[in-house]
Number of protein chains: 2
Amino acid sequence: MGKLVIVGTVAFDAIETPFGKTDKILGGAATFIGLAASQFNIDTAAVSVVGGDFPQEYLDLLTDKNINIDGVEIIKEGKTFFWSGKYHNDMNSRDTLATELNVLADFDPKVPEAYKDAEVVMLGNLHPIVQTSVLNQMSESPKMVILDTMNFWMDCALDELHDVIKRVDVITINDEEARQLTGEYSLVVAARKIHAMGPQYVVIKKGEHGALLFHDDNVFYAPALPLEEVFDPTGAGDTFAGGFAGYLAKTEDYSFENMKNAVIYGSTLASFCVEKFGTERMQNLTKDEVEYRLKEFKQLTSFNIELS
Amino acid sequence: MGKLVIVGTVAFDAIETPFGKTDKILGGAATFIGLAASQFNIDTAAVSVVGGDFPQEYLDLLTDKNINIDGVEIIKEGKTFFWSGKYHNDMNSRDTLATELNVLADFDPKVPEAYKDAEVVMLGNLHPIVQTSVLNQMSESPKMVILDTMNFWMDCALDELHDVIKRVDVITINDEEARQLTGEYSLVVAARKIHAMGPQYVVIKKGEHGALLFHDDNVFYAPALPLEEVFDPTGAGDTFAGGFAGYLAKTEDYSFENMKNAVIYGSTLASFCVEKFGTERMQNLTKDEVEYRLKEFKQLTSFNIELS
């Protein structure tokens with residue numbers, strides 16, 4: 001069992017969907033990643049920053065899930081990063097209503113000494129310079145570095161993004177972002193171009209259409225579980241990444257075959273995340289529920305054609 | 001091994017894609033369905049209508065594939081149905097440039113006597129009254145009736161469409177059409193509403209995102225093979241239907257488990273169809289090629305998580 005370091009936002013979200021709206025609730029990439037990874041009972045640390053307005057109960061929630069928060073800096077006189085968004089009726093698109101960087105504007109990540117030898121590093125969606133800084137602090141070369149990013153950084157920090165992409169083993173990215181990063185419409189061609197940028201493994205997330213894992217000429221397609229209703233998509237991509245990274249840290253097996261399982265775990269956990277607002281569903285998720293849904297996943301995709 | 005009756009258009013298509021354009025070439029739903037079903041060496045008949053302008057070599061092409069064309073009426077003084085379309089760069093949307101119904105306008109389908117006891121009936125996309133007429137001509141109740149349709153009939157013949165939907169076992173429909181037919185965004189909810197209209201099995205085609213098979217509370221998700229390039233999507237849906245129907249006629253096993261295999265065959269054959277213009281790829285497709293791609297499909301989706 002390996003150690004996992006996560007860097008990402010710990011934040012306030014205010015969310016509006018066709019089903020309702022929330023006040024400021026707990027959010028942030030590192031939060032969702034950490035909650036998902038906590039399913040695997042691994043030694044996990046979050047690296048992030050919050051302001052003096054961040055409630056102790058939210059920090060307690062993370063430590064209750066065995067997430068080490070020594071690397072979560074609290075800037076007493078600052079305010080916590082805040083994001084607010086409104087989803088459209090199809091739940092596939094959203095408008096950002098507010099983004100207040102606050103303490104995130106000068107975020108200087110500090111990896112706790114005890115986690116500098118972690119086997120797995122999950123670089124959550126953040127400025128690529130922050131992601132690079134975390135990588136530079138690792139005392140040993142991690143076995144597996146996973147990068148999540150988004151179109152925003154392609155628009156405003158493309159060179160820095162390329163610099164960090166070069167150094168990672170896995171990139172997780174959505175289909176539109178993969179197209180933007182490569183200028184290719186075909187995801188097969190896009191994945192090949194991203195391989196050439198550095199990462200051995202390319203995970204392309206397609207939301208309700210599942211996720212693709214590419215490695216050399218191998219492809220694996222994990223469909224998403226068809227859901228009756230998506231209540232709030234916020235954090236689904238981070239939850240996917242957390243399930244993926246957590247499973248790899250737990251198993252310490254970085255073969256393509258095991259990466260497939262990591263994708264399935266990521267998809268399974270993400271399918272829970274969207275059932276309630278924010279982190280609500282992930283906070284109370286039991287191992288039995290996860291196990292049951294993994295079985296549904298297996299049934300969803302298994303078939304038995306006899307081949308000659 | 002059962003007999004298969006196919007009703008649908010046999011037509012001329014003229015296609016424009018970002019990769020090029022064609023003159024009038026062989027097209028039509030019954031053509032694509034028949035070519036796909038011919039992979040299974042079953043006793044198949046096409047029911048359709050063409051004009052005096054339809055080349056003998058195209059008819060020969062069908063008979064060479066062991067498709068009985070006694071039910072393909074030739075109206076000497078008439079002209080063959082013609083469709084022309086132009087695909088956009090993303091290949092997911094297209095503009096119809098021309099639709100000339102010609103002999104199709106008064107199409108009165110006639111099922112050959114020898115095929116009135118067929119086990120499997122594939123009702124290709126056509127006016128629902130024509131589909132109903134074919135069903136009414138069957139002397140015995142077929143074991144399996146599969147209906148393909150499109151949004152056009154929902155717009156202009158919804159009552160007649162509902163009448164035929166009531167009588168079929170399987171409907172194949174794309175995601176947008178399923179949403180239009182039911183007024184539901186969630187495909188899970190849409191499938192349940194379509195079940196209630198009659199069909200025991202609902203297949204929702206999602207193009208590059210694969211296909212879903214619903215039966216009671218069971219769901220199966222067949223992803224589409226990620227392709228380097230889609231050359232021409234024309235006929236992919238019909239090819240899927242032909243592979244699905246052909247496999248069922250060959251195996252005569254209408255269990256959910258076997259339906260999954262039928263979906264996989266349909267998806268596999270459709271993945272070839274889009275590689276060239278029109279029917280070109282399907283005309284020369286070998287069993288070995290199909291077998292090899294089925295193996296790729298199995299690899300694409302198989303994973304091995306140990307569950308407790």
# chains A, B, ... in the order shown; residues from 1 in each chain; ligands from 1
$ residues_around --residues "Lys193 (chain B)" --least-positions-apart "4" --cutoff "12 Å" --atoms "only C-alpha atoms" --output "VMD selection string"
chain B and resid 178 to 189 197 to 202 214 to 216
$ write_last_selection --atoms "N, CA and C atoms" --output "compact mmCIF listing (two decimals), in the first residue's frame"
# COMPACT_ATOMS: atom_id res chain seq x y z
N ALA B 178 -35.01 9.18 -28.77
CA ALA B 178 -35.61 8.64 -27.54
C ALA B 178 -36.11 9.78 -26.66
N ARG B 179 -35.32 10.84 -26.61
CA ARG B 179 -35.72 12.01 -25.82
C ARG B 179 -36.95 12.68 -26.43
N GLN B 180 -36.96 12.79 -27.76
CA GLN B 180 -38.12 13.42 -28.41
C GLN B 180 -39.38 12.58 -28.23
N LEU B 181 -39.24 11.26 -28.35
CA LEU B 181 -40.41 10.38 -28.27
C LEU B 181 -41.05 10.40 -26.88
N THR B 182 -40.22 10.63 -25.85
CA THR B 182 -40.73 10.51 -24.48
C THR B 182 -40.79 11.84 -23.73
N GLY B 183 -40.10 12.85 -24.24
CA GLY B 183 -40.04 14.10 -23.49
C GLY B 183 -39.18 14.00 -22.24
N GLU B 184 -38.32 12.98 -22.17
CA GLU B 184 -37.46 12.79 -21.00
C GLU B 184 -36.00 12.95 -21.40
N TYR B 185 -35.24 13.67 -20.59
CA TYR B 185 -33.82 13.82 -20.91
C TYR B 185 -33.02 12.58 -20.50
N SER B 186 -33.31 12.06 -19.32
CA SER B 186 -32.60 10.86 -18.85
C SER B 186 -32.94 9.67 -19.73
N LEU B 187 -31.92 9.01 -20.28
CA LEU B 187 -32.18 7.87 -21.15
C LEU B 187 -32.75 6.69 -20.37
N VAL B 188 -32.42 6.61 -19.09
CA VAL B 188 -32.98 5.53 -18.26
C VAL B 188 -34.50 5.72 -18.14
N VAL B 189 -34.92 6.93 -17.90
CA VAL B 189 -36.35 7.21 -17.78
C VAL B 189 -37.03 7.08 -19.15
N MET B 197 -44.69 1.68 -23.85
CA MET B 197 -45.40 1.81 -25.14
C MET B 197 -45.54 0.46 -25.84
N GLY B 198 -44.80 -0.56 -25.40
CA GLY B 198 -44.89 -1.87 -26.03
C GLY B 198 -43.63 -2.70 -26.04
N PRO B 199 -42.53 -2.16 -26.60
CA PRO B 199 -41.34 -3.01 -26.79
C PRO B 199 -40.72 -3.49 -25.48
N GLN B 200 -40.44 -4.79 -25.44
CA GLN B 200 -39.75 -5.37 -24.27
C GLN B 200 -38.30 -4.93 -24.19
N TYR B 201 -37.73 -4.72 -25.37
CA TYR B 201 -36.31 -4.34 -25.45
C TYR B 201 -36.19 -2.97 -26.11
N VAL B 202 -35.38 -2.13 -25.52
CA VAL B 202 -35.14 -0.80 -26.08
C VAL B 202 -33.64 -0.64 -26.30
N PHE B 214 -31.81 -1.88 -23.02
CA PHE B 214 -32.63 -1.92 -21.80
C PHE B 214 -33.66 -3.04 -21.88
N HIS B 215 -33.84 -3.75 -20.79
CA HIS B 215 -34.88 -4.78 -20.69
C HIS B 215 -35.28 -4.87 -19.22
N ASP B 216 -36.51 -4.54 -18.93
CA ASP B 216 -36.93 -4.43 -17.53
C ASP B 216 -35.92 -3.56 -16.77
$ closest_atom_pairs --of "chain B" --to "chain A" --cutoff "8 Å" --atoms "only C-alpha atoms" --output "Markdown table"
| residue | atom | partner | partner_atom | distance |
| --- | --- | --- | --- | --- |
| B:Asp90 | CA | A:Tyr185 | CA | 7.3 |
| B:Tyr185 | CA | A:Asp90 | CA | 7.3 |
| B:Ser186 | CA | A:Glu228 | CA | 5.9 |
| B:Leu187 | CA | A:Pro226 | CA | 7.4 |
| B:Val188 | CA | A:Glu228 | CA | 5.3 |
| B:Val189 | CA | A:Glu228 | CA | 6.1 |
| B:His209 | CA | A:His209 | CA | 5.9 |
| B:Val219 | CA | A:Leu300 | CA | 5.9 |
| B:Phe220 | CA | A:Leu300 | CA | 4.6 |
| B:Tyr221 | CA | A:Thr301 | CA | 5.5 |
| B:Ala222 | CA | A:Thr301 | CA | 6.6 |
| B:Pro223 | CA | A:Pro223 | CA | 6.7 |
| B:Pro226 | CA | A:Val188 | CA | 6.4 |
| B:Leu227 | CA | A:Val188 | CA | 6.4 |
| B:Glu228 | CA | A:Val188 | CA | 5.2 |
| B:Glu229 | CA | A:Ser186 | CA | 6.3 |
| B:Glu257 | CA | A:Phe303 | CA | 7.2 |
| B:Lys260 | CA | A:Phe303 | CA | 6.3 |
| B:Asn261 | CA | A:Ile305 | CA | 6.0 |
| B:Glu291 | CA | A:Leu307 | CA | 6.9 |
| B:Leu294 | CA | A:Leu307 | CA | 7.9 |
| B:Lys295 | CA | A:Leu307 | CA | 7.6 |
| B:Gln299 | CA | A:Phe220 | CA | 7.3 |
| B:Leu300 | CA | A:Phe220 | CA | 4.6 |
| B:Thr301 | CA | A:Tyr221 | CA | 5.5 |
| B:Ser302 | CA | A:Ser302 | CA | 7.2 |
| B:Phe303 | CA | A:Lys260 | CA | 6.3 |
| B:Asn304 | CA | A:Asn261 | CA | 7.0 |
| B:Ile305 | CA | A:Asn261 | CA | 6.0 |
| B:Leu307 | CA | A:Glu291 | CA | 6.9 |
| B:Ser308 | CA | A:Glu291 | CA | 7.7 |
$ select_by_dssp --residues "region 20-264 of chain B" --states "alpha helix (DSSP H)" --output "ChimeraX atom specification"
/B:29-37,56-64,128-137,151-156,158-165,175-182,187-197,236-251,256-264
$ atom_distance --atom1 "CA of Trp83 (chain A)" --atom2 "CA of Thr99 (chain A)"
4.7 Å
$ select_by_dssp --residues "region 21-219 of chain B" --states "strand (DSSP E)" --output "ChimeraX atom specification"
/B:21,25-27,43-51,67-75,82-87,94-100,120-123,144-148,170-174,201-205,211-215,218-219
$ write_last_selection --atoms "C-alpha atoms" --output "PDB file, in the first residue's frame"
ATOM      1  CA  LYS B  21     -18.014  13.486 -52.140  1.00  0.00           C
ATOM      2  CA  ILE B  25     -24.132   5.452 -55.180  1.00  0.00           C
ATOM      3  CA  LEU B  26     -25.983   2.467 -53.732  1.00  0.00           C
ATOM      4  CA  GLY B  27     -27.723   3.259 -50.454  1.00  0.00           C
ATOM      5  CA  ASP B  43     -32.051 -17.004 -45.257  1.00  0.00           C
ATOM      6  CA  THR B  44     -32.862 -13.318 -45.787  1.00  0.00           C
ATOM      7  CA  ALA B  45     -35.370 -11.468 -47.955  1.00  0.00           C
ATOM      8  CA  ALA B  46     -35.505  -7.754 -48.657  1.00  0.00           C
ATOM      9  CA  VAL B  47     -38.862  -6.047 -49.223  1.00  0.00           C
ATOM     10  CA  SER B  48     -38.531  -2.753 -51.043  1.00  0.00           C
ATOM     11  CA  VAL B  49     -39.189  -0.841 -54.243  1.00  0.00           C
ATOM     12  CA  VAL B  50     -36.922   0.684 -56.893  1.00  0.00           C
ATOM     13  CA  GLY B  51     -37.399   2.431 -60.229  1.00  0.00           C
ATOM     14  CA  ILE B  67     -30.379 -11.761 -50.100  1.00  0.00           C
ATOM     15  CA  ASN B  68     -33.654 -12.802 -51.739  1.00  0.00           C
ATOM     16  CA  ILE B  69     -35.047  -9.871 -53.756  1.00  0.00           C
ATOM     17  CA  ASP B  70     -38.389 -11.350 -54.847  1.00  0.00           C
ATOM     18  CA  GLY B  71     -39.958  -8.734 -52.604  1.00  0.00           C
ATOM     19  CA  VAL B  72     -38.067  -5.848 -54.232  1.00  0.00           C
ATOM     20  CA  GLU B  73     -40.590  -4.440 -56.670  1.00  0.00           C
ATOM     21  CA  ILE B  74     -39.211  -2.781 -59.800  1.00  0.00           C
ATOM     22  CA  ILE B  75     -41.410  -0.019 -61.162  1.00  0.00           C
ATOM     23  CA  PHE B  82     -32.759   9.421 -53.842  1.00  0.00           C
ATOM     24  CA  TRP B  83     -31.202  11.060 -50.797  1.00  0.00           C
ATOM     25  CA  SER B  84     -28.351  13.497 -50.700  1.00  0.00           C
ATOM     26  CA  GLY B  85     -26.641  14.882 -47.630  1.00  0.00           C
ATOM     27  CA  LYS B  86     -23.613  16.766 -46.439  1.00  0.00           C
ATOM     28  CA  TYR B  87     -21.907  15.996 -43.132  1.00  0.00           C
ATOM     29  CA  ARG B  94     -25.601  16.683 -41.384  1.00  0.00           C
ATOM     30  CA  ASP B  95     -27.703  18.732 -43.754  1.00  0.00           C
ATOM     31  CA  THR B  96     -30.081  16.995 -46.117  1.00  0.00           C
ATOM     32  CA  LEU B  97     -29.480  18.471 -49.558  1.00  0.00           C
ATOM     33  CA  ALA B  98     -32.163  16.527 -51.442  1.00  0.00           C
ATOM     34  CA  THR B  99     -34.859  13.947 -50.792  1.00  0.00           C
ATOM     35  CA  GLU B 100     -36.667  12.624 -53.856  1.00  0.00           C
ATOM     36  CA  VAL B 120     -37.338 -12.402 -37.370  1.00  0.00           C
ATOM     37  CA  VAL B 121     -38.715  -9.240 -38.981  1.00  0.00           C
ATOM     38  CA  MET B 122     -36.581  -6.131 -39.266  1.00  0.00           C
ATOM     39  CA  LEU B 123     -38.712  -3.057 -39.925  1.00  0.00           C
ATOM     40  CA  MET B 144     -38.913 -11.220 -32.908  1.00  0.00           C
ATOM     41  CA  VAL B 145     -39.935  -7.958 -34.538  1.00  0.00           C
ATOM     42  CA  ILE B 146     -37.374  -5.142 -34.521  1.00  0.00           C
ATOM     43  CA  LEU B 147     -38.322  -1.594 -35.408  1.00  0.00           C
ATOM     44  CA  ASP B 148     -36.033   1.193 -36.494  1.00  0.00           C
ATOM     45  CA  VAL B 170     -37.390  -4.322 -29.949  1.00  0.00           C
ATOM     46  CA  ILE B 171     -37.043  -0.700 -30.933  1.00  0.00           C
ATOM     47  CA  THR B 172     -33.727   0.793 -32.051  1.00  0.00           C
ATOM     48  CA  ILE B 173     -33.607   4.535 -31.800  1.00  0.00           C
ATOM     49  CA  ASN B 174     -30.945   7.164 -31.231  1.00  0.00           C
ATOM     50  CA  TYR B 201     -36.311  -4.339 -25.449  1.00  0.00           C
ATOM     51  CA  VAL B 202     -35.143  -0.802 -26.080  1.00  0.00           C
ATOM     52  CA  VAL B 203     -31.856  -0.148 -27.865  1.00  0.00           C
ATOM     53  CA  ILE B 204     -30.629   3.440 -27.698  1.00  0.00           C
ATOM     54  CA  LYS B 205     -27.891   4.219 -30.205  1.00  0.00           C
ATOM     55  CA  ALA B 211     -25.340   1.790 -27.560  1.00  0.00           C
ATOM     56  CA  LEU B 212     -27.511   0.941 -24.574  1.00  0.00           C
ATOM     57  CA  LEU B 213     -29.797  -2.097 -24.329  1.00  0.00           C
ATOM     58  CA  PHE B 214     -32.635  -1.915 -21.798  1.00  0.00           C
ATOM     59  CA  HIS B 215     -34.880  -4.784 -20.692  1.00  0.00           C
ATOM     60  CA  ASN B 218     -31.431  -4.688 -16.871  1.00  0.00           C
ATOM     61  CA  VAL B 219     -29.068  -2.463 -18.786  1.00  0.00           C
TER      62      VAL B 219
END
$ residues_around --residues "Gly266 (chain B)" --least-positions-apart "4" --cutoff "6 Å" --atoms "only C-alpha atoms" --output "list in words"
Phe240, Gly243 and Phe244 of chain B
$ atom_distance --atom1 "CA of Glu77 (chain A)" --atom2 "CA of Thr132 (chain A)"
26.6 Å
$ residues_around --residues "Phe54 (chain A)" --least-positions-apart "2" --cutoff "9 Å" --atoms "only C-alpha atoms" --output "list in words"
Ala11, Phe12, Val50, Gly51, Gly52, Gln56, Glu57, Tyr58, Leu59, Ile74, Lys79 and Thr80 of chain A
$ write_last_selection --atoms "C-alpha atoms" --output "JSON list (two decimals), in the first residue's frame"
[["chain", "number", "residue", "atom", "x", "y", "z"],
["A", 11, "ALA", "CA", -12.97, 25.62, -1.27],
["A", 12, "PHE", "CA", -16.48, 26.94, -0.96],
["A", 50, "VAL", "CA", -7.84, 28.03, 2.94],
["A", 51, "GLY", "CA", -8.69, 31.29, 4.65],
["A", 52, "GLY", "CA", -9.60, 32.12, 8.22],
["A", 56, "GLN", "CA", -13.19, 23.81, 11.53],
["A", 57, "GLU", "CA", -15.95, 21.24, 10.93],
["A", 58, "TYR", "CA", -14.93, 20.98, 7.25],
["A", 59, "LEU", "CA", -11.32, 20.38, 8.25],
["A", 74, "ILE", "CA", -4.66, 28.27, 6.90],
["A", 79, "LYS", "CA", -10.61, 34.28, 2.55],
["A", 80, "THR", "CA", -11.15, 30.81, 1.11]]
$ residues_around --residues "Ala30 (chain B)" --least-positions-apart "2" --cutoff "9 Å" --atoms "only C-alpha atoms" --output "count of residues only"
20
